[in-house]
Each structure stands twice: as structure tokens, then as C-alpha cells.
>>> print(open('final.cif').read())   # mmCIF, C-alpha atoms
data_query
#
loop_
_atom_site.label_atom_id
_atom_site.label_comp_id
_atom_site.auth_asym_id
_atom_site.auth_seq_id
_atom_site.Cartn_x
_atom_site.Cartn_y
_atom_site.Cartn_z
CA MET A 1 4.35 -1.46 -20.78
CA LEU A 2 4.81 -5.17 -21.35
CA GLN A 3 8.43 -5.56 -20.31
CA CYS A 4 9.99 -6.93 -17.15
CA ALA A 5 12.46 -5.54 -14.65
CA SER A 6 14.44 -7.33 -11.95
CA ASN A 7 12.52 -8.05 -8.76
CA LYS A 8 14.24 -6.86 -5.58
CA ILE A 9 12.36 -9.33 -3.38
CA GLN A 10 11.56 -12.44 -5.42
CA GLN A 11 14.29 -13.10 -7.98
CA ASN A 12 12.36 -16.06 -9.40
CA LYS A 13 9.41 -13.80 -10.18
CA PRO A 14 10.54 -10.87 -12.32
CA ARG A 15 8.75 -7.58 -11.85
CA LEU A 16 6.16 -6.61 -14.42
CA ASN A 17 6.09 -3.19 -16.02
CA PHE A 18 2.45 -2.19 -16.42
CA PHE A 19 2.00 1.25 -17.99
CA GLY A 20 5.25 2.36 -16.37
CA ALA A 21 4.42 0.97 -12.92
CA LEU A 22 6.58 -1.88 -11.66
CA ILE A 23 4.60 -4.62 -9.90
CA ASP A 24 5.72 -7.75 -8.05
CA PRO A 25 3.39 -10.56 -9.25
CA LEU A 26 2.99 -12.14 -5.82
CA THR A 27 0.21 -13.84 -3.90
CA MET A 28 -0.65 -12.79 -0.35
CA ASP A 29 1.30 -15.74 1.08
CA GLU A 30 4.35 -14.90 -1.03
CA THR A 31 4.12 -11.27 0.02
CA LEU A 32 3.98 -12.19 3.71
CA LYS A 33 7.07 -14.37 3.27
CA ALA A 34 8.81 -11.45 1.57
CA VAL A 35 7.88 -9.16 4.48
CA SER A 36 9.29 -11.68 6.97
CA GLY A 37 12.51 -11.79 4.98
CA ILE A 38 12.75 -8.01 4.92
CA ILE A 39 12.33 -7.74 8.68
CA GLU A 40 14.89 -10.48 9.27
CA GLN A 41 17.40 -8.71 7.03
CA ARG A 42 16.89 -5.44 8.96
CA LYS A 43 17.39 -3.34 5.83
CA PRO A 44 14.81 -0.50 5.69
CA THR A 45 12.41 -1.29 2.86
CA GLN A 46 9.36 0.60 1.64
CA HIS A 47 6.27 -1.30 0.53
CA VAL A 48 3.67 0.23 -1.77
CA VAL A 49 0.51 -0.87 -3.54
CA VAL A 50 -0.60 0.14 -7.02
CA ASN A 51 -4.30 0.60 -7.72
CA VAL A 52 -6.08 2.17 -10.67
CA ALA A 53 -6.19 5.67 -9.19
CA LYS A 54 -2.48 5.63 -8.35
CA LEU A 55 -1.56 4.14 -11.73
CA VAL A 56 -3.41 6.92 -13.54
CA MET A 57 -1.78 9.50 -11.26
CA MET A 58 1.64 8.06 -12.12
CA GLN A 59 1.10 8.71 -15.84
CA LYS A 60 1.49 12.46 -15.34
CA ASP A 61 3.41 12.59 -12.05
CA ALA A 62 6.97 11.50 -12.83
CA GLY A 63 8.01 12.11 -9.22
CA LEU A 64 5.35 9.76 -7.87
CA ARG A 65 6.25 7.17 -10.51
CA GLU A 66 9.90 7.31 -9.45
CA VAL A 67 8.97 6.97 -5.76
CA VAL A 68 6.66 3.99 -6.35
CA ASN A 69 9.07 2.16 -8.64
CA SER A 70 11.94 2.62 -6.19
CA CYS A 71 10.13 0.65 -3.47
CA GLY A 72 11.44 -2.74 -2.44
CA LEU A 73 8.06 -4.46 -2.52
CA ILE A 74 5.18 -3.46 -4.82
CA ASN A 75 1.78 -5.19 -4.83
CA ALA A 76 -1.24 -4.86 -7.09
CA ASP A 77 -4.07 -3.59 -4.89
CA GLY A 78 -7.10 -3.38 -7.13
CA GLN A 79 -8.93 -6.00 -9.12
CA GLY A 80 -8.88 -3.62 -12.07
CA ILE A 81 -5.08 -3.86 -12.16
CA VAL A 82 -5.19 -7.66 -12.09
CA TRP A 83 -7.84 -7.88 -14.82
CA GLY A 84 -6.26 -5.14 -16.94
CA ALA A 85 -2.86 -6.80 -16.82
CA LYS A 86 -4.40 -10.12 -17.85
CA LEU A 87 -6.11 -8.45 -20.82
CA LEU A 88 -2.70 -7.33 -22.04
CA GLY A 89 -1.01 -10.66 -21.47
CA LEU A 90 0.56 -10.07 -18.06
CA SER A 91 0.00 -12.49 -15.18
CA ILE A 92 -0.62 -11.11 -11.69
CA PRO A 93 -1.83 -14.04 -9.55
CA GLU A 94 -4.15 -12.09 -7.29
CA ARG A 95 -4.99 -8.78 -5.71
CA VAL A 96 -3.06 -8.11 -2.51
CA ALA A 97 -5.11 -5.43 -0.77
CA GLY A 98 -3.12 -3.13 1.48
CA ILE A 99 -5.58 -3.40 4.37
CA ASP A 100 -5.48 -7.21 4.20
CA LEU A 101 -1.67 -7.28 4.16
CA PHE A 102 -1.65 -4.81 7.06
CA THR A 103 -3.96 -6.90 9.24
CA HIS A 104 -2.13 -10.12 8.36
CA ILE A 105 1.18 -8.64 9.49
CA VAL A 106 -0.38 -7.41 12.74
CA ALA A 107 -1.86 -10.88 13.34
CA GLN A 108 1.57 -12.49 12.88
CA ALA A 109 3.42 -9.91 14.96
CA PRO A 110 3.02 -11.50 18.43
CA GLN A 111 4.39 -14.89 17.41
CA LYS A 112 7.19 -13.31 15.39
CA ASN A 113 7.98 -10.79 18.16
CA TYR A 114 7.53 -7.79 15.86
CA ARG A 115 7.34 -4.35 17.41
CA LEU A 116 4.85 -2.17 15.51
CA TYR A 117 4.50 1.59 15.13
CA PHE A 118 1.28 3.25 13.94
CA LEU A 119 1.34 6.73 12.37
CA GLY A 120 -1.61 8.63 10.93
CA ALA A 121 -5.32 9.50 11.15
CA ARG A 122 -6.90 11.48 13.98
CA GLU A 123 -5.80 10.92 17.57
CA GLU A 124 -9.04 9.22 18.57
CA VAL A 125 -8.85 6.96 15.52
CA VAL A 126 -5.27 5.76 15.96
CA THR A 127 -5.87 5.11 19.67
CA LYS A 128 -8.94 3.01 18.77
CA VAL A 129 -6.81 1.05 16.32
CA ILE A 130 -4.26 0.31 19.05
CA LYS A 131 -6.96 -0.76 21.52
CA HIS A 132 -8.64 -2.96 18.91
CA PHE A 133 -5.44 -4.82 18.05
CA GLN A 134 -4.27 -5.13 21.66
CA SER A 135 -7.67 -6.55 22.61
CA LYS A 136 -7.50 -9.04 19.75
CA TYR A 137 -3.82 -9.87 20.26
CA PRO A 138 -2.93 -9.39 23.96
CA ASP A 139 0.76 -10.15 23.35
CA LEU A 140 1.09 -7.52 20.62
CA SER A 141 4.09 -5.24 21.13
CA VAL A 142 3.33 -1.63 20.19
CA ALA A 143 6.52 0.35 19.72
CA GLY A 144 4.56 3.60 19.55
CA TYR A 145 1.90 5.60 17.76
CA ARG A 146 1.11 9.14 16.69
CA ASN A 147 -1.72 10.89 14.87
CA GLY A 148 -1.16 12.12 11.33
CA TYR A 149 -1.77 15.81 11.96
CA PHE A 150 1.58 17.54 12.05
CA LYS A 151 3.48 20.32 10.30
CA ALA A 152 6.58 20.02 8.14
CA GLU A 153 8.71 21.38 10.96
CA ASP A 154 7.55 18.47 13.17
CA GLU A 155 8.77 15.78 10.80
CA ALA A 156 12.35 15.63 12.13
CA SER A 157 11.21 14.95 15.70
CA ILE A 158 8.69 12.35 14.48
CA VAL A 159 11.41 10.59 12.52
CA ASP A 160 13.63 10.59 15.62
CA GLU A 161 10.80 9.19 17.74
CA ILE A 162 10.14 6.37 15.29
CA ARG A 163 13.83 5.52 14.96
CA ASN A 164 14.25 5.47 18.75
CA SER A 165 11.21 3.18 19.10
CA LYS A 166 13.18 0.32 17.50
CA ALA A 167 10.06 -0.73 15.60
CA ASP A 168 10.21 -3.66 13.18
CA ALA A 169 7.31 -2.41 11.07
CA LEU A 170 5.71 0.99 10.53
CA PHE A 171 2.19 1.59 9.20
CA VAL A 172 1.37 5.05 7.87
CA ALA A 173 -2.27 6.05 7.40
CA MET A 174 -2.14 9.01 5.03
CA ASN A 175 -3.57 9.72 1.59
CA SER A 176 -1.73 9.23 -1.68
CA PRO A 177 0.70 10.56 -2.72
CA GLN A 178 1.57 12.05 0.70
CA LYS A 179 2.31 8.72 2.34
CA GLU A 180 4.49 7.48 -0.52
CA ILE A 181 6.49 10.71 -0.55
CA PHE A 182 6.85 10.83 3.26
CA LEU A 183 8.11 7.24 3.43
CA ASN A 184 10.42 7.66 0.46
CA LYS A 185 11.96 10.69 2.15
CA TYR A 186 12.39 9.22 5.63
CA THR A 187 12.55 5.40 5.43
CA ALA A 188 16.34 5.28 5.72
CA ALA A 189 16.43 7.83 8.56
CA MET A 190 13.71 6.05 10.55
CA ASP A 191 15.67 2.81 10.28
CA VAL A 192 12.55 0.62 10.43
CA PRO A 193 12.97 -2.62 8.44
CA PHE A 194 9.48 -2.66 6.89
CA VAL A 195 7.36 0.43 6.22
CA MET A 196 4.06 0.63 4.38
CA GLY A 197 1.33 3.14 3.71
CA VAL A 198 -2.12 1.89 4.67
CA GLY A 199 -4.31 4.77 3.46
CA GLY A 200 -7.71 4.76 5.16
CA SER A 201 -7.19 1.41 6.89
CA PHE A 202 -7.08 2.97 10.37
CA ASP A 203 -10.55 4.44 9.82
CA VAL A 204 -11.87 1.00 8.81
CA ILE A 205 -10.28 -0.77 11.79
CA ALA A 206 -11.57 1.91 14.17
CA GLY A 207 -15.10 1.62 12.77
CA VAL A 208 -15.21 5.16 11.39
CA THR A 209 -15.82 3.88 7.86
CA LYS A 210 -17.03 0.52 6.57
CA ARG A 211 -15.35 -1.72 4.06
CA ALA A 212 -17.29 -3.12 1.12
CA PRO A 213 -18.98 -6.52 1.57
CA VAL A 214 -16.77 -9.46 0.61
CA TRP A 215 -18.83 -10.20 -2.50
CA MET A 216 -18.17 -6.69 -3.80
CA GLN A 217 -14.45 -7.05 -3.03
CA LYS A 218 -14.30 -10.30 -5.04
CA MET A 219 -16.14 -8.71 -7.96
CA GLY A 220 -13.77 -5.76 -8.06
CA LEU A 221 -16.45 -3.34 -6.88
CA GLU A 222 -14.86 -2.13 -3.65
CA TRP A 223 -14.11 1.20 -5.33
CA PHE A 224 -17.83 1.56 -6.20
CA TYR A 225 -18.85 0.92 -2.59
CA ARG A 226 -16.48 3.66 -1.41
CA PHE A 227 -17.89 5.96 -4.07
CA LEU A 228 -21.45 5.31 -2.86
CA CYS A 229 -20.37 6.03 0.73
CA GLU A 230 -18.53 9.27 -0.09
CA PRO A 231 -19.62 10.45 -3.57
CA GLY A 232 -18.61 14.07 -2.98
CA ARG A 233 -15.04 13.15 -2.10
CA MET A 234 -14.54 10.08 -4.26
CA TRP A 235 -16.25 10.86 -7.57
CA ARG A 236 -13.17 12.30 -9.24
CA ARG A 237 -10.78 9.67 -7.91
CA TYR A 238 -12.87 6.76 -9.11
CA LEU A 239 -15.04 7.86 -12.02
CA VAL A 240 -12.39 9.98 -13.73
CA SER A 241 -9.49 7.65 -12.95
CA ASN A 242 -11.42 4.55 -14.00
CA SER A 243 -12.43 6.18 -17.28
CA VAL A 244 -8.83 7.12 -18.04
CA PHE A 245 -7.68 3.59 -17.16
CA LEU A 246 -10.27 2.00 -19.46
CA TRP A 247 -9.10 4.27 -22.28
CA MET A 248 -5.48 3.27 -21.64
CA LEU A 249 -6.40 -0.42 -21.75
CA CYS A 250 -8.49 -0.12 -24.90
CA LYS A 251 -5.82 1.86 -26.71
CA ALA A 252 -3.07 -0.59 -25.73
CA TRP A 253 -5.20 -3.64 -26.61
CA VAL A 254 -6.30 -2.31 -30.01
CA THR A 255 -2.95 -0.89 -31.11
CA GLY A 256 -0.71 -3.43 -29.41
CA LYS A 257 1.70 -0.61 -28.60
CA LYS A 258 3.95 -0.87 -25.57
CA VAL A 259 3.16 2.55 -24.19
CA HIS A 260 5.12 3.67 -21.10
#
>>> encode(input="final.cif", output="C-alpha cells")
Amino acid sequence: MLQCASNKIQQNKPRLNFFGALIDPLTMDETLKAVSGIIEQRKPTQHVVVNVAKLVMMQKDAGLREVVNSCGLINADGQGIVWGAKLLGLSIPERVAGIDLFTHIVAQAPQKNYRLYFLGAREEVVTKVIKHFQSKYPDLSVAGYRNGYFKAEDEASIVDEIRNSKADALFVAMNSPQKEIFLNKYTAAMDVPFVMGVGGSFDVIAGVTKRAPVWMQKMGLEWFYRFLCEPGRMWRRYLVSNSVFLWMLCKAWVTGKKVH
């Protein structure tokens, strides 16, 4: 748990191994520079974030753990991850929330001439996302978009469409672990330099759901806000996962064992 592995993006900042999950200990600014480098290099690279729920999921799902750890850029998205790592002697400079990274990349896209593709959510949601960003950034180049409701037999044509779009970055709004698995399977075939899963970010941008107030984000309570908004859907993800994570931390702190 407390060992390091080589960092594919920032060689001067070795990756941390936190309960079997590899994490790049980067700030938002460092991450954005890494994304720019990835797009310039034109080598298809998958980005992923690790939060408490995903970390707990990775403890029993070896396939998901392999997919996450194979990604070229891995951020800590969750204040619990940052605080938990610090408790065990690991230094992660800050939380890099997926939705914040997503919106930062979109904001930079016009000046960097990035072509963006948006995949996921309902049709009315993804179209609202496009309209919102084009209204905010008139020079934004949208390579294409598609809703996230499709069958397995449709995947090949979707991959072809994305590859033919010549997009520089792809944002996929699906749940975990579906988005991680989809991107791991098709990143090379889609030939998009930078791909990332953005979870429910499209719903937030489109105004379907609300994000927690900034003060709750800073206090690490964004998960609690989402739980209050959707208790029926989120209770297991947050209450159960958080309890398991606290047990993992306590056990590792008390015993000092490097448990993978």
C-alpha cells in the first residue's frame, strides 16, 4: 500500500500505491499540463480518477483494478483519498475533481484549438451540455456528440464515428465501472489522444442535478450532499463504501501493515 511505481506522465513525481490503486500526486495545474502534453504527443491515453467508492470497489474487483492502474493519468478525486493517504504517510497535494478537470479542459480548448467529443447521458442532456459550452465559448470546436444509451452491438459504429471525428479529447458520461471498462476497451481503436470518464458531470452542467456548495466541497462533504439529494440511489455507494474505507484506514494505521 505504501510503495511507489513509475509515473507514466510525470517522471519527477513517482506514482503512489494506495491500497492497490496507483495515483499520480499532481495538482490541478500539473494535471492540465500533463493533458496538454498528451494531446500534443497524439498517443491515445486514458485518464481516470480514484475516489473512495471506486477504491473500495477495486479491492474485490481485480479487473477494475487492472483497468484503473493501466491508465496513463490517474488523479485523486475525493478529499477522503487525500486525507486518508496523508494519515498513512503519503503526500497527495490536492483533490483533482473530475468535473473541475473536465470544465478546465473545455475552457482551454478554443485557444488550444482542441476538437472535443461528448458521449453519454440522455439526448436532451448532452445537447444542453453542448449548447451551454458553445454559448460560453463561441469558438469551441465540437467534433461530435452522442447520448449514452446504446446496445453492445452499436459500439463498433460508435467507435468508428469517434475515430472519424478526429477529436483531440473525448468525455464519457457513464457510471463506474462502465466508463472505465468502455474506455479501456476502445481507447486505442478510437484514436483520440485524451479520453476521460466524467460520470454525472453532464447532468450537472445541464442543470439536471446540482453540485454541492463550495464550502461542502472544501470540507470533503460533496459525497454527503449527493447522498442527501438521492438517498435511495446513493446510500450504498457512500455509506457502505465510506465505512469500509474507514475500516481499511484504521486497520492499516494501527497495524502498520502494507496491505495491497
>>> closest_atom_pairs(input="final.cif", of="range 3-115 of chain A", to="range 143-163 of chain A", cutoff="12 Å", atoms="all atoms listed in the file", output="Markdown table")
| residue | atom | partner | partner_atom | distance |
| --- | --- | --- | --- | --- |
| A:Pro44 | CA | A:Arg163 | CA | 11.1 |
| A:Ala109 | CA | A:Ala143 | CA | 11.7 |
| A:Asn113 | CA | A:Ala143 | CA | 11.3 |
| A:Tyr114 | CA | A:Ala143 | CA | 9.1 |
| A:Arg115 | CA | A:Ala143 | CA | 5.3 |
>>> atom_distance(input="final.cif", atom1="CA of Trp215 in chain A", atom2="CA of Leu88 in chain A")
25.5 Å
>>> closest_residue(input="final.cif", among="A:Ile205, A:Ala169, A:Val82, A:Leu183", to="Ile130 in chain A", atoms="only C-alpha atoms")
A:Ile205
>>> resolve_selection(input="final.cif", expression="the PyMOL selection byres ((chain A and resi 241) around 9)", output="VMD selection string")
chain A and resid 52 to 57 236 to 240 242 to 246
>>> atom_distance(input="final.cif", atom1="CA of Gly37 in chain A", atom2="CA of Val195 in chain A")
13.3 Å
>>> residues_near_point(input="final.cif", point="(4.4, -3.9, -3.3)", cutoff="12 Å", atoms="all atoms listed in the file", output="count of residues only")
47
>>> closest_residue(input="final.cif", among="A:Met216, A:Val254, A:Ile92, A:Ala167", to="Leu119 in chain A", atoms="only C-alpha atoms")
A:Ala167
>>> atom_distance(input="final.cif", atom1="CA of Trp253 in chain A", atom2="CA of Lys86 in chain A")
10.9 Å
